[in-house]
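As structure tokens, the structure follows; a few thoughts come after it.
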Amino acid sequence: MEETAISFEQFYLYAFIVSGALTLMYILLGDILEGIFESVPEGIFSPTLVLSFVTFLGCTGYILERFTPIHSGIVLLFSIACALIVASLLHFFVLVPLTSAEESLAYSDEDLKGRVAQVITSIPEDGYGEILFEGVGGNIPKTAQSFENEAIVSGTKVLVIDMKSGVAHVSPHQSFDDLE
């Protein structure tokens with residue numbers, strides 16, 4: 001009878017190959033999988049962290065088993081420690097900043113009240129034009145109407161007084177430097 005047990009080196013290599021293939025599939029099908037696992041709370045199961053942990057565990061274990069004479073138990077402990085460190089670094093320095101950056105790019109119409117913008121399409125009396133908010137996250141164009149029903153020419157700085165149904169109601173803006 002033939003024994004089919006695999007060595008630690010083969011185990012680490014298989015773990016590395018399988019987790020690498022699953023990572024590639026997750027990159028390609030990640031949106032579908034997130035929809036499937038939508039009911040699972042985020043803190044319990046993060047496919048990105050699990051796959052990165054198994055990938056680094058397999059990679060570190062394979063390299064140490066293949067090229068060093070260290071005992072397999074020590075290799076396993078060292079591989080687990082390395083994989084935990086790398087997965088933690090990935091979580092705290094890549095994934096957490098990405099999720100908070102994604103949330104900070106969203107804005108509502110209420111956020112635009114009181115901001116200064118520039119008219120890019122002249123606003124006629126009792127008509128509509130277009131204004132542009134310039135910011136670090138990008139430029140936001142909005143339809144605009146004069147708050148006091150007066151014509152405002154292109155290039156004028158305006159202050160957003162109110163937002164109604166996605167339309168900015170604006171008034172010409174005078175900075176303190178202009179008053180001197």
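Here, A, B, ... name the chains of the structure tokens in the order displayed, residue numbers run from 1 inside each chain, and ligands are numbered from 1 in the same displayed order.
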Run DSSP on the backbone and grab whatever in range 2-168 of chain A lands in strand (DSSP E or B); send it over as a PyMOL selection string.
-> chain A and resi 116-121+123+128-135+138-146+152+157-164+167-168
Range 6-112 of chain A: which residues are helix (DSSP H, G or I) by DSSP, as an MDAnalysis selection string?
-> chainID A and resid 8:36 47:67 72:104 109:112
May I ask which of the residues A:Glu130, A:Glu9, A:Glu34, A:Asp162 is the closest one to Leu76 in chain A, counting only C-alpha atoms?
-> A:Glu9
10 Å contact set for Val86 in chain A, only C-alpha atoms, chain neighbours under 4 positions out, as an NGL selection string | :A and (49 or 52-53 or 56-57 or 80-82 or 90-91)
Could those selected residues go to a file with N, CA, C and O atoms, as an mmCIF file, in the first residue's frame?
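What follows is the written file selection08.cif:
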data_model
loop_
_atom_site.group_PDB
_atom_site.id
_atom_site.type_symbol
_atom_site.label_atom_id
_atom_site.label_comp_id
_atom_site.auth_asym_id
_atom_site.auth_seq_id
_atom_site.Cartn_x
_atom_site.Cartn_y
_atom_site.Cartn_z
ATOM 1 N N LEU A 49 -8.080 39.963 3.519
ATOM 2 C CA LEU A 49 -7.145 39.654 4.599
ATOM 3 C C LEU A 49 -6.890 38.152 4.728
ATOM 4 O O LEU A 49 -5.756 37.729 4.962
ATOM 5 N N SER A 52 -4.659 37.112 1.794
ATOM 6 C CA SER A 52 -3.286 37.607 1.966
ATOM 7 C C SER A 52 -2.575 36.838 3.070
ATOM 8 O O SER A 52 -1.380 36.527 2.939
ATOM 9 N N PHE A 53 -3.275 36.495 4.143
ATOM 10 C CA PHE A 53 -2.671 35.708 5.225
ATOM 11 C C PHE A 53 -2.213 34.345 4.709
ATOM 12 O O PHE A 53 -1.062 33.941 4.933
ATOM 13 N N PHE A 56 0.834 34.656 2.203
ATOM 14 C CA PHE A 56 2.127 34.912 2.845
ATOM 15 C C PHE A 56 2.565 33.746 3.733
ATOM 16 O O PHE A 56 3.758 33.481 3.846
ATOM 17 N N LEU A 57 1.614 33.070 4.339
ATOM 18 C CA LEU A 57 1.953 31.871 5.106
ATOM 19 C C LEU A 57 2.573 30.818 4.188
ATOM 20 O O LEU A 57 3.632 30.263 4.499
ATOM 21 N N ILE A 80 3.470 31.781 10.415
ATOM 22 C CA ILE A 80 2.229 32.360 10.941
ATOM 23 C C ILE A 80 2.471 33.781 11.440
ATOM 24 O O ILE A 80 1.679 34.689 11.171
ATOM 25 N N ALA A 81 3.578 33.992 12.146
ATOM 26 C CA ALA A 81 3.900 35.331 12.654
ATOM 27 C C ALA A 81 4.093 36.318 11.505
ATOM 28 O O ALA A 81 3.557 37.436 11.537
ATOM 29 N N CYS A 82 4.841 35.912 10.481
ATOM 30 C CA CYS A 82 5.067 36.798 9.325
ATOM 31 C C CYS A 82 3.759 37.109 8.608
ATOM 32 O O CYS A 82 3.505 38.255 8.221
ATOM 33 N N LEU A 90 -1.275 45.329 5.954
ATOM 34 C CA LEU A 90 -2.180 45.534 4.824
ATOM 35 C C LEU A 90 -3.499 46.136 5.298
ATOM 36 O O LEU A 90 -4.016 47.076 4.697
ATOM 37 N N HIS A 91 -4.018 45.612 6.383
ATOM 38 C CA HIS A 91 -5.293 46.107 6.905
ATOM 39 C C HIS A 91 -5.197 47.563 7.370
ATOM 40 O O HIS A 91 -6.001 48.408 6.966
#
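The smallest atom-to-atom distance between Lys157 in chain A and any of A:Ala83, A:Leu24, A:Val136, A:Val170, using only C-alpha atoms, is found for A:Val170.
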By how many Å are CA of Val158 in chain A and CA of Gln118 in chain A apart?
-> 6.0 Å
Write out as a ChimeraX atom specification which residues come within 8 Å of Leu13 in chain A when counting only C-alpha atoms, dropping same-chain ones fewer than 6 positions away.
-> /A:58-59,62
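With distances restricted to only C-alpha atoms, A:Thr121 is the closest residue to Gly155 in chain A from A:Thr99, A:Ser175, A:Thr143, A:Thr121.
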